[in-house]
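Shown here: query_34.cif, mmCIF, N, CA and C atoms.
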data_final
#
loop_
_atom_site.label_atom_id
_atom_site.label_comp_id
_atom_site.auth_asym_id
_atom_site.auth_seq_id
_atom_site.Cartn_x
_atom_site.Cartn_y
_atom_site.Cartn_z
N MET G 267 18.20 -14.79 29.08
CA MET G 267 16.75 -14.90 29.09
C MET G 267 16.42 -16.35 29.44
N ARG G 268 15.49 -16.50 30.38
CA ARG G 268 15.11 -17.85 30.79
C ARG G 268 14.22 -18.50 29.75
N ARG G 269 14.12 -19.80 29.84
CA ARG G 269 13.34 -20.59 28.88
C ARG G 269 11.87 -20.16 28.87
N GLU G 270 11.30 -19.89 30.04
CA GLU G 270 9.89 -19.48 30.14
C GLU G 270 9.66 -18.14 29.43
N GLN G 271 10.60 -17.23 29.56
CA GLN G 271 10.49 -15.93 28.90
C GLN G 271 10.55 -16.08 27.38
N LYS G 272 11.44 -16.97 26.91
CA LYS G 272 11.53 -17.21 25.47
C LYS G 272 10.23 -17.82 24.94
N LEU G 273 9.66 -18.76 25.67
CA LEU G 273 8.38 -19.37 25.26
C LEU G 273 7.26 -18.34 25.25
N LEU G 274 7.22 -17.48 26.25
CA LEU G 274 6.21 -16.43 26.31
C LEU G 274 6.37 -15.46 25.14
N LEU G 275 7.60 -15.09 24.83
CA LEU G 275 7.87 -14.20 23.71
C LEU G 275 7.47 -14.86 22.38
N ALA G 276 7.79 -16.14 22.20
CA ALA G 276 7.39 -16.87 20.98
C ALA G 276 5.87 -16.96 20.88
N PHE G 277 5.20 -17.23 22.00
CA PHE G 277 3.74 -17.31 22.00
C PHE G 277 3.13 -15.96 21.60
N CYS G 278 3.64 -14.88 22.16
CA CYS G 278 3.12 -13.54 21.82
C CYS G 278 3.34 -13.25 20.34
N ALA G 279 4.50 -13.61 19.81
CA ALA G 279 4.77 -13.38 18.39
C ALA G 279 3.82 -14.19 17.53
N LEU G 280 3.58 -15.45 17.90
CA LEU G 280 2.68 -16.31 17.12
C LEU G 280 1.24 -15.82 17.16
N VAL G 281 0.85 -15.16 18.22
CA VAL G 281 -0.52 -14.67 18.33
C VAL G 281 -0.66 -13.27 17.74
N PHE G 282 0.20 -12.36 18.13
CA PHE G 282 -0.01 -10.96 17.77
C PHE G 282 0.39 -10.59 16.34
N ILE G 283 1.36 -11.25 15.77
CA ILE G 283 1.74 -10.94 14.39
C ILE G 283 0.62 -11.29 13.41
N PRO G 284 0.05 -12.51 13.44
CA PRO G 284 -1.08 -12.78 12.53
C PRO G 284 -2.30 -11.90 12.80
N VAL G 285 -2.59 -11.63 14.07
CA VAL G 285 -3.73 -10.76 14.39
C VAL G 285 -3.48 -9.36 13.83
N GLY G 286 -2.27 -8.87 13.94
CA GLY G 286 -1.94 -7.55 13.39
C GLY G 286 -2.09 -7.51 11.88
N ILE G 287 -1.66 -8.56 11.20
CA ILE G 287 -1.78 -8.62 9.74
C ILE G 287 -3.24 -8.66 9.33
N VAL G 288 -4.03 -9.51 9.97
CA VAL G 288 -5.46 -9.59 9.65
C VAL G 288 -6.14 -8.25 9.92
N TRP G 289 -5.81 -7.63 11.03
CA TRP G 289 -6.42 -6.34 11.35
C TRP G 289 -6.03 -5.27 10.34
N PHE G 290 -4.79 -5.27 9.90
CA PHE G 290 -4.32 -4.29 8.92
C PHE G 290 -5.07 -4.44 7.60
N VAL G 291 -5.36 -5.68 7.20
CA VAL G 291 -6.09 -5.93 5.96
C VAL G 291 -7.59 -5.68 6.14
N ALA G 292 -8.15 -6.07 7.26
CA ALA G 292 -9.60 -5.98 7.47
C ALA G 292 -10.06 -4.57 7.84
N TRP G 293 -9.25 -3.81 8.53
CA TRP G 293 -9.68 -2.51 9.03
C TRP G 293 -10.19 -1.57 7.92
N PRO G 294 -9.51 -1.43 6.79
CA PRO G 294 -10.05 -0.54 5.76
C PRO G 294 -11.39 -1.02 5.21
N LEU G 295 -11.62 -2.32 5.26
CA LEU G 295 -12.88 -2.84 4.72
C LEU G 295 -14.06 -2.61 5.66
N ILE G 296 -13.81 -2.62 6.97
CA ILE G 296 -14.93 -2.47 7.91
C ILE G 296 -15.07 -1.06 8.46
N HIS G 297 -14.03 -0.27 8.35
CA HIS G 297 -14.04 1.10 8.88
C HIS G 297 -14.67 2.04 7.84
N ALA G 298 -15.65 2.82 8.27
CA ALA G 298 -16.29 3.77 7.35
C ALA G 298 -15.28 4.83 6.92
N TRP G 299 -15.34 5.18 5.65
CA TRP G 299 -14.43 6.17 5.07
C TRP G 299 -15.21 7.46 4.91
N LYS G 300 -14.81 8.51 5.60
CA LYS G 300 -15.51 9.80 5.55
C LYS G 300 -15.06 10.57 4.31
N PHE G 301 -15.98 10.71 3.35
CA PHE G 301 -15.68 11.50 2.16
C PHE G 301 -15.96 12.96 2.45
N PRO G 302 -15.11 13.87 1.98
CA PRO G 302 -15.43 15.29 2.13
C PRO G 302 -16.61 15.62 1.22
N PRO G 303 -17.58 16.40 1.71
CA PRO G 303 -18.71 16.77 0.85
C PRO G 303 -18.21 17.55 -0.37
N VAL G 304 -18.65 17.12 -1.55
CA VAL G 304 -18.22 17.80 -2.77
C VAL G 304 -19.19 18.91 -3.13
N THR G 305 -18.66 19.99 -3.69
CA THR G 305 -19.49 21.16 -4.00
C THR G 305 -19.52 21.50 -5.48
N GLU G 306 -18.56 20.96 -6.24
CA GLU G 306 -18.52 21.20 -7.68
C GLU G 306 -17.76 20.06 -8.34
N GLY G 307 -17.93 19.95 -9.65
CA GLY G 307 -17.19 18.89 -10.33
C GLY G 307 -17.39 18.92 -11.82
N LYS G 308 -16.64 18.03 -12.48
CA LYS G 308 -16.75 17.92 -13.93
C LYS G 308 -16.45 16.48 -14.35
N ILE G 309 -16.96 16.13 -15.51
CA ILE G 309 -16.62 14.86 -16.12
C ILE G 309 -15.32 15.09 -16.89
N VAL G 310 -14.34 14.23 -16.69
CA VAL G 310 -13.07 14.35 -17.38
C VAL G 310 -13.03 13.38 -18.56
N ALA G 311 -13.57 12.18 -18.38
CA ALA G 311 -13.58 11.17 -19.45
C ALA G 311 -14.87 10.37 -19.34
N PRO G 312 -15.47 9.93 -20.39
CA PRO G 312 -15.07 9.92 -21.78
C PRO G 312 -15.40 11.23 -22.50
N VAL G 313 -16.20 12.09 -21.88
CA VAL G 313 -16.47 13.42 -22.43
C VAL G 313 -15.94 14.43 -21.43
N SER G 314 -15.94 15.69 -21.78
CA SER G 314 -15.47 16.71 -20.85
C SER G 314 -16.51 17.81 -20.75
N ARG G 315 -17.04 17.97 -19.53
CA ARG G 315 -17.99 19.05 -19.27
C ARG G 315 -18.17 19.23 -17.77
N ASP G 316 -18.62 20.43 -17.38
CA ASP G 316 -18.92 20.70 -15.98
C ASP G 316 -20.23 20.00 -15.61
N LEU G 317 -20.33 19.60 -14.36
CA LEU G 317 -21.54 18.96 -13.87
C LEU G 317 -22.50 20.02 -13.33
N SER G 318 -23.78 19.78 -13.48
CA SER G 318 -24.78 20.70 -12.95
C SER G 318 -24.84 20.56 -11.43
N ALA G 319 -25.47 21.50 -10.77
CA ALA G 319 -25.61 21.46 -9.31
C ALA G 319 -26.37 20.21 -8.87
N THR G 320 -27.37 19.80 -9.63
CA THR G 320 -28.14 18.60 -9.30
C THR G 320 -27.27 17.35 -9.42
N GLU G 321 -26.45 17.28 -10.47
CA GLU G 321 -25.56 16.13 -10.65
C GLU G 321 -24.53 16.06 -9.53
N VAL G 322 -23.98 17.20 -9.14
CA VAL G 322 -23.02 17.25 -8.04
C VAL G 322 -23.69 16.79 -6.75
N GLN G 323 -24.92 17.24 -6.52
CA GLN G 323 -25.65 16.83 -5.32
C GLN G 323 -25.91 15.33 -5.32
N ASP G 324 -26.27 14.76 -6.47
CA ASP G 324 -26.49 13.31 -6.56
C ASP G 324 -25.21 12.53 -6.28
N ILE G 325 -24.10 12.99 -6.82
CA ILE G 325 -22.81 12.33 -6.60
C ILE G 325 -22.40 12.44 -5.14
N ASN G 326 -22.60 13.61 -4.54
CA ASN G 326 -22.29 13.80 -3.13
C ASN G 326 -23.12 12.86 -2.26
N LEU G 327 -24.41 12.75 -2.55
CA LEU G 327 -25.28 11.85 -1.80
C LEU G 327 -24.81 10.40 -1.95
N TRP G 328 -24.42 10.02 -3.17
CA TRP G 328 -23.93 8.66 -3.40
C TRP G 328 -22.67 8.41 -2.56
N LEU G 329 -21.73 9.35 -2.60
CA LEU G 329 -20.50 9.19 -1.83
C LEU G 329 -20.78 9.05 -0.33
N GLN G 330 -21.64 9.91 0.20
CA GLN G 330 -21.92 9.90 1.63
C GLN G 330 -22.67 8.65 2.07
N SER G 331 -23.34 7.96 1.13
CA SER G 331 -24.08 6.75 1.49
C SER G 331 -23.31 5.47 1.17
N HIS G 332 -22.11 5.57 0.64
CA HIS G 332 -21.27 4.41 0.34
C HIS G 332 -19.91 4.60 1.02
N THR G 333 -19.87 4.45 2.33
CA THR G 333 -18.65 4.74 3.08
C THR G 333 -17.89 3.50 3.55
N THR G 334 -18.44 2.31 3.36
CA THR G 334 -17.76 1.11 3.84
C THR G 334 -17.42 0.17 2.68
N ALA G 335 -16.59 -0.81 2.97
CA ALA G 335 -16.16 -1.87 2.05
C ALA G 335 -15.17 -1.37 1.00
N TRP G 336 -14.58 -0.20 1.20
CA TRP G 336 -13.53 0.26 0.29
C TRP G 336 -12.25 -0.46 0.65
N GLY G 337 -11.51 -0.86 -0.35
CA GLY G 337 -10.26 -1.59 -0.13
C GLY G 337 -9.20 -0.71 0.51
N PRO G 338 -8.06 -1.29 0.79
CA PRO G 338 -6.98 -0.51 1.40
C PRO G 338 -6.42 0.52 0.44
N SER G 339 -5.87 1.58 0.98
CA SER G 339 -5.27 2.63 0.17
C SER G 339 -4.06 2.10 -0.57
N GLY G 340 -3.92 2.51 -1.82
CA GLY G 340 -2.75 2.13 -2.58
C GLY G 340 -2.99 1.11 -3.66
N GLU G 341 -4.25 0.71 -3.89
CA GLU G 341 -4.52 -0.23 -4.96
C GLU G 341 -4.19 0.41 -6.30
N GLN G 342 -3.68 -0.39 -7.22
CA GLN G 342 -3.27 0.12 -8.53
C GLN G 342 -4.16 -0.45 -9.62
N PRO G 343 -4.83 0.40 -10.38
CA PRO G 343 -5.66 -0.08 -11.48
C PRO G 343 -4.79 -0.45 -12.69
N PRO G 344 -5.31 -1.31 -13.56
CA PRO G 344 -4.53 -1.68 -14.73
C PRO G 344 -4.45 -0.58 -15.79
N ALA G 345 -5.43 0.30 -15.82
CA ALA G 345 -5.48 1.37 -16.82
C ALA G 345 -6.33 2.50 -16.27
N LYS G 346 -6.39 3.63 -17.00
CA LYS G 346 -7.27 4.74 -16.59
C LYS G 346 -8.72 4.30 -16.66
N GLY G 347 -9.56 4.84 -15.81
CA GLY G 347 -10.97 4.50 -15.80
C GLY G 347 -11.67 4.94 -17.07
N GLN G 348 -12.74 4.22 -17.42
CA GLN G 348 -13.52 4.60 -18.60
C GLN G 348 -14.35 5.86 -18.32
N VAL G 349 -14.77 6.02 -17.07
CA VAL G 349 -15.48 7.23 -16.65
C VAL G 349 -14.66 7.85 -15.52
N ILE G 350 -14.33 9.13 -15.66
CA ILE G 350 -13.57 9.82 -14.61
C ILE G 350 -14.30 11.11 -14.27
N LEU G 351 -14.58 11.27 -12.97
CA LEU G 351 -15.22 12.48 -12.46
C LEU G 351 -14.22 13.17 -11.53
N ARG G 352 -14.00 14.45 -11.73
CA ARG G 352 -13.13 15.21 -10.83
C ARG G 352 -14.01 16.17 -10.05
N MET G 353 -14.16 15.88 -8.78
CA MET G 353 -14.98 16.67 -7.89
C MET G 353 -14.07 17.48 -6.97
N ASN G 354 -14.60 18.57 -6.42
CA ASN G 354 -13.86 19.38 -5.45
C ASN G 354 -14.76 19.65 -4.26
N ASN G 355 -14.14 19.73 -3.07
CA ASN G 355 -14.91 20.11 -1.90
C ASN G 355 -14.83 21.62 -1.70
N ALA G 356 -15.38 22.12 -0.63
CA ALA G 356 -15.43 23.57 -0.39
C ALA G 356 -14.03 24.19 -0.27
N ASP G 357 -13.04 23.40 0.17
CA ASP G 357 -11.66 23.89 0.29
C ASP G 357 -10.86 23.66 -0.98
N ASN G 358 -11.53 23.29 -2.06
CA ASN G 358 -10.93 23.03 -3.36
C ASN G 358 -9.96 21.84 -3.36
N HIS G 359 -10.19 20.87 -2.44
CA HIS G 359 -9.43 19.62 -2.45
C HIS G 359 -10.14 18.64 -3.36
N PRO G 360 -9.40 17.89 -4.17
CA PRO G 360 -10.04 17.00 -5.14
C PRO G 360 -10.56 15.69 -4.53
N VAL G 361 -11.62 15.20 -5.14
CA VAL G 361 -12.13 13.84 -4.93
C VAL G 361 -12.30 13.30 -6.34
N ILE G 362 -11.40 12.42 -6.76
CA ILE G 362 -11.39 11.93 -8.13
C ILE G 362 -12.00 10.53 -8.13
N ILE G 363 -13.07 10.37 -8.91
CA ILE G 363 -13.80 9.10 -8.97
C ILE G 363 -13.58 8.50 -10.36
N SER G 364 -13.07 7.28 -10.40
CA SER G 364 -12.85 6.57 -11.66
C SER G 364 -13.71 5.32 -11.66
N ILE G 365 -14.29 5.01 -12.81
CA ILE G 365 -15.13 3.81 -12.94
C ILE G 365 -14.58 2.96 -14.07
N TRP G 366 -14.39 1.68 -13.77
CA TRP G 366 -14.00 0.69 -14.78
C TRP G 366 -15.21 -0.19 -15.02
N LYS G 367 -15.75 -0.15 -16.22
CA LYS G 367 -16.96 -0.88 -16.56
C LYS G 367 -16.63 -2.27 -17.08
N HIS G 368 -17.40 -3.25 -16.63
CA HIS G 368 -17.24 -4.63 -17.05
C HIS G 368 -18.59 -5.15 -17.53
N LYS G 369 -18.60 -5.87 -18.63
CA LYS G 369 -19.84 -6.28 -19.26
C LYS G 369 -20.63 -7.31 -18.43
N HIS G 370 -19.98 -8.34 -17.92
CA HIS G 370 -20.69 -9.43 -17.25
C HIS G 370 -20.32 -9.58 -15.78
N GLN G 371 -19.84 -8.54 -15.18
CA GLN G 371 -19.53 -8.57 -13.76
C GLN G 371 -19.65 -7.16 -13.19
N ALA G 372 -19.49 -7.07 -11.89
CA ALA G 372 -19.64 -5.77 -11.22
C ALA G 372 -18.59 -4.78 -11.73
N ASP G 373 -19.00 -3.50 -11.78
CA ASP G 373 -18.08 -2.43 -12.17
C ASP G 373 -17.22 -2.06 -10.95
N ILE G 374 -16.04 -1.56 -11.21
CA ILE G 374 -15.12 -1.17 -10.16
C ILE G 374 -15.08 0.35 -10.07
N VAL G 375 -15.17 0.87 -8.86
CA VAL G 375 -15.08 2.31 -8.62
C VAL G 375 -13.83 2.55 -7.78
N GLY G 376 -13.01 3.47 -8.23
CA GLY G 376 -11.81 3.86 -7.49
C GLY G 376 -11.90 5.32 -7.11
N VAL G 377 -11.48 5.65 -5.90
CA VAL G 377 -11.52 7.03 -5.42
C VAL G 377 -10.13 7.45 -4.97
N GLN G 378 -9.74 8.64 -5.40
CA GLN G 378 -8.48 9.25 -4.98
C GLN G 378 -8.82 10.57 -4.29
N LEU G 379 -8.10 10.90 -3.24
CA LEU G 379 -8.33 12.16 -2.54
C LEU G 379 -7.22 13.17 -2.80
N GLU G 380 -6.37 12.88 -3.79
CA GLU G 380 -5.35 13.84 -4.22
C GLU G 380 -4.95 13.47 -5.65
N ASP G 381 -4.47 14.44 -6.39
CA ASP G 381 -4.01 14.19 -7.75
C ASP G 381 -2.91 13.13 -7.74
N ASN G 382 -3.04 12.16 -8.62
CA ASN G 382 -2.08 11.05 -8.72
C ASN G 382 -1.86 10.33 -7.40
N GLY G 383 -2.86 10.39 -6.51
CA GLY G 383 -2.76 9.74 -5.22
C GLY G 383 -3.15 8.27 -5.28
N PRO G 384 -3.06 7.59 -4.15
CA PRO G 384 -3.43 6.18 -4.12
C PRO G 384 -4.95 6.00 -4.27
N TYR G 385 -5.32 4.90 -4.87
CA TYR G 385 -6.74 4.57 -5.02
C TYR G 385 -7.21 3.72 -3.85
N ARG G 386 -8.49 3.85 -3.55
CA ARG G 386 -9.22 2.86 -2.76
C ARG G 386 -10.36 2.43 -3.66
N MET G 387 -10.60 1.12 -3.74
CA MET G 387 -11.53 0.62 -4.73
C MET G 387 -12.63 -0.22 -4.09
N ASN G 388 -13.75 -0.32 -4.84
CA ASN G 388 -14.90 -1.10 -4.41
C ASN G 388 -15.65 -1.54 -5.66
N ALA G 389 -16.38 -2.63 -5.60
CA ALA G 389 -17.15 -3.13 -6.74
C ALA G 389 -18.63 -2.86 -6.52
N PHE G 390 -19.31 -2.44 -7.60
CA PHE G 390 -20.74 -2.13 -7.53
C PHE G 390 -21.43 -2.63 -8.79
N GLU G 391 -22.69 -3.00 -8.64
CA GLU G 391 -23.50 -3.38 -9.80
C GLU G 391 -23.89 -2.11 -10.55
N ASP G 392 -24.20 -2.25 -11.85
CA ASP G 392 -24.57 -1.11 -12.70
C ASP G 392 -25.68 -0.26 -12.09
N ALA G 393 -26.71 -0.90 -11.56
CA ALA G 393 -27.87 -0.17 -11.06
C ALA G 393 -27.51 0.78 -9.92
N SER G 394 -26.52 0.43 -9.13
CA SER G 394 -26.17 1.30 -8.00
C SER G 394 -25.25 2.45 -8.40
N LEU G 395 -24.83 2.47 -9.66
CA LEU G 395 -23.91 3.53 -10.11
C LEU G 395 -24.59 4.62 -10.91
N THR G 396 -25.91 4.63 -10.99
CA THR G 396 -26.59 5.62 -11.83
C THR G 396 -26.29 7.05 -11.38
N ALA G 397 -26.16 7.29 -10.10
CA ALA G 397 -25.88 8.65 -9.62
C ALA G 397 -24.50 9.13 -10.04
N LEU G 398 -23.57 8.19 -10.28
CA LEU G 398 -22.21 8.57 -10.67
C LEU G 398 -22.06 8.74 -12.18
N GLN G 399 -23.10 8.42 -12.93
CA GLN G 399 -23.01 8.49 -14.38
C GLN G 399 -24.09 9.40 -14.92
N PRO G 400 -23.75 10.62 -15.28
CA PRO G 400 -24.74 11.53 -15.87
C PRO G 400 -25.42 10.89 -17.08
N ALA G 401 -26.52 11.48 -17.49
CA ALA G 401 -27.41 10.88 -18.50
C ALA G 401 -26.69 10.38 -19.74
N GLU G 402 -25.74 11.15 -20.28
CA GLU G 402 -25.10 10.73 -21.53
C GLU G 402 -24.17 9.52 -21.35
N LEU G 403 -23.87 9.16 -20.09
CA LEU G 403 -22.99 8.02 -19.81
C LEU G 403 -23.76 6.79 -19.34
N GLN G 404 -25.08 6.91 -19.18
CA GLN G 404 -25.90 5.79 -18.72
C GLN G 404 -25.92 4.69 -19.76
N PRO G 405 -25.82 3.42 -19.31
CA PRO G 405 -25.95 2.32 -20.27
C PRO G 405 -27.37 2.28 -20.82
N HIS G 406 -27.48 2.03 -22.10
CA HIS G 406 -28.80 1.97 -22.71
C HIS G 406 -29.30 0.54 -22.68
N GLY G 407 -30.55 0.36 -22.15
CA GLY G 407 -31.13 -0.95 -21.96
C GLY G 407 -31.46 -1.60 -23.22
#
For the structure just supplied, provide its representation as structure tokens.
Amino acid sequence: MRREQKLLLAFCALVFIPVGIVWFVAWPLIHAWKFPPVTEGKIVAPVSRDLSATEVQDINLWLQSHTTAWGPSGEQPPAKGQVILRMNNADNHPVIISIWKHKHQADIVGVQLEDNGPYRMNAFEDASLTALQPAELQPHG
């Protein structure tokens, strides 16, 4: 291999490897994530009950309007979420939503599209999470 070819190869490696890494990290954050429309669901924690049709519709609307800024697949939470919603779409595939509540900072929402699957996470303020928290789970002012 001639010297010019080696320099060209080194230049390509110096340019394309960092660009590839940045793109791999940035793509999940800027690419919209298409959630399957949910048709039924239940609260798993901290209480256990089926959700009403109105609650399912509110959660579905929330999911469909929050499709960007989710982290990369595979994030690992430190513990189980304080609020866990198990939703299903028309094909009975799960959409599991976990919420980790924090007193003086944004709450974290994690979504899994399969049982024990990888999480994708995002941070939200309390006010934007009202649709994900049925009345008995709402923070009291």
Using only C-alpha atoms, find each residue in region 300-326 of chain G having at least one atom no more than 9 Å away from region 381-403 of chain G; report its shortest atom-to-atom pair and that distance in Å (one decimal), rows by chain then rising number, as JSON lines.
{"residue": "G:Ile309", "atom": "CA", "partner": "G:Pro400", "partner_atom": "CA", "distance": 8.8}
{"residue": "G:Pro312", "atom": "CA", "partner": "G:Leu403", "partner_atom": "CA", "distance": 8.4}
{"residue": "G:Val313", "atom": "CA", "partner": "G:Leu403", "partner_atom": "CA", "distance": 8.9}
{"residue": "G:Leu317", "atom": "CA", "partner": "G:Pro400", "partner_atom": "CA", "distance": 8.3}
{"residue": "G:Glu321", "atom": "CA", "partner": "G:Pro400", "partner_atom": "CA", "distance": 7.0}
{"residue": "G:Asp324", "atom": "CA", "partner": "G:Ala397", "partner_atom": "CA", "distance": 5.6}
{"residue": "G:Ile325", "atom": "CA", "partner": "G:Leu398", "partner_atom": "CA", "distance": 5.6}
Can you write out the residues you just picked, keeping N, CA and C atoms, as a PDB file, in the coordinates of the input?
ATOM      1  N   ILE G 309     -16.960  16.130 -15.510  1.00  0.00           N
ATOM      2  CA  ILE G 309     -16.620  14.860 -16.120  1.00  0.00           C
ATOM      3  C   ILE G 309     -15.320  15.090 -16.890  1.00  0.00           C
ATOM      4  N   PRO G 312     -15.470   9.930 -20.390  1.00  0.00           N
ATOM      5  CA  PRO G 312     -15.070   9.920 -21.780  1.00  0.00           C
ATOM      6  C   PRO G 312     -15.400  11.230 -22.500  1.00  0.00           C
ATOM      7  N   VAL G 313     -16.200  12.090 -21.880  1.00  0.00           N
ATOM      8  CA  VAL G 313     -16.470  13.420 -22.430  1.00  0.00           C
ATOM      9  C   VAL G 313     -15.940  14.430 -21.430  1.00  0.00           C
ATOM     10  N   LEU G 317     -20.330  19.600 -14.360  1.00  0.00           N
ATOM     11  CA  LEU G 317     -21.540  18.960 -13.870  1.00  0.00           C
ATOM     12  C   LEU G 317     -22.500  20.020 -13.330  1.00  0.00           C
ATOM     13  N   GLU G 321     -26.450  17.280 -10.470  1.00  0.00           N
ATOM     14  CA  GLU G 321     -25.560  16.130 -10.650  1.00  0.00           C
ATOM     15  C   GLU G 321     -24.530  16.060  -9.530  1.00  0.00           C
ATOM     16  N   ASP G 324     -26.270  14.760  -6.470  1.00  0.00           N
ATOM     17  CA  ASP G 324     -26.490  13.310  -6.560  1.00  0.00           C
ATOM     18  C   ASP G 324     -25.210  12.530  -6.280  1.00  0.00           C
ATOM     19  N   ILE G 325     -24.100  12.990  -6.820  1.00  0.00           N
ATOM     20  CA  ILE G 325     -22.810  12.330  -6.600  1.00  0.00           C
ATOM     21  C   ILE G 325     -22.400  12.440  -5.140  1.00  0.00           C
TER      22      ILE G 325
END
>> Please list, as a ChimeraX atom specification, the residues that have an atom at most 12 Å away from (-13.7, 18.9, -2.1) in the coordinates of this file, counting only C-alpha atoms.
In response: /G:301-307,322,326,329,352-363,378-380
> Using only C-alpha atoms, which residue out of G:Ala372, G:His332, G:Val310, G:Ser318 lies closest to Lys346 (chain G)?
Replying inline: G:Val310
>> Could you pull out the strand (DSSP E or B) residues of region 371-403 of chain G, going by DSSP on the backbone, and write them as JSON, numbers by chain?
In response: {"G": [373, 374, 375, 376, 377, 378, 385, 386, 387, 388, 389, 390]}
> What is the atom C of Phe290 (chain G) to CA of Pro338 (chain G) distance in Å?
Replying inline: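 Here the two named atoms are 7.6 Å from each other.
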> CA of Ser339 (chain G) and CA of Lys369 (chain G) are how many Å apart?
Replying inline: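 Separating CA of Ser339 (chain G) from CA of Lys369 (chain G) is a distance of 25.9 Å.
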> Could you state the separation of CA of Lys367 (chain G) and atom N of Gly347 (chain G) in Å, given to one decimal place?
Replying inline: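 For CA of Lys367 (chain G) relative to atom N of Gly347 (chain G), the distance reads 9.4 Å.
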>> Ranking G:Ser314, G:Thr333, G:Gln323, G:Gln348 by minimum distance to Ile365 (chain G) and counting all atoms listed in the file, which one comes first?
In response: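 For Ile365 (chain G), the nearest of the given residues is G:Gln348.
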> Which is closer to Ile350 (chain G) than all the others in G:Ala335, G:Ala311, G:Leu275, G:Ala298, using only C-alpha atoms?
Replying inline: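 Smallest separation from Ile350 (chain G) among the options: G:Ala311.
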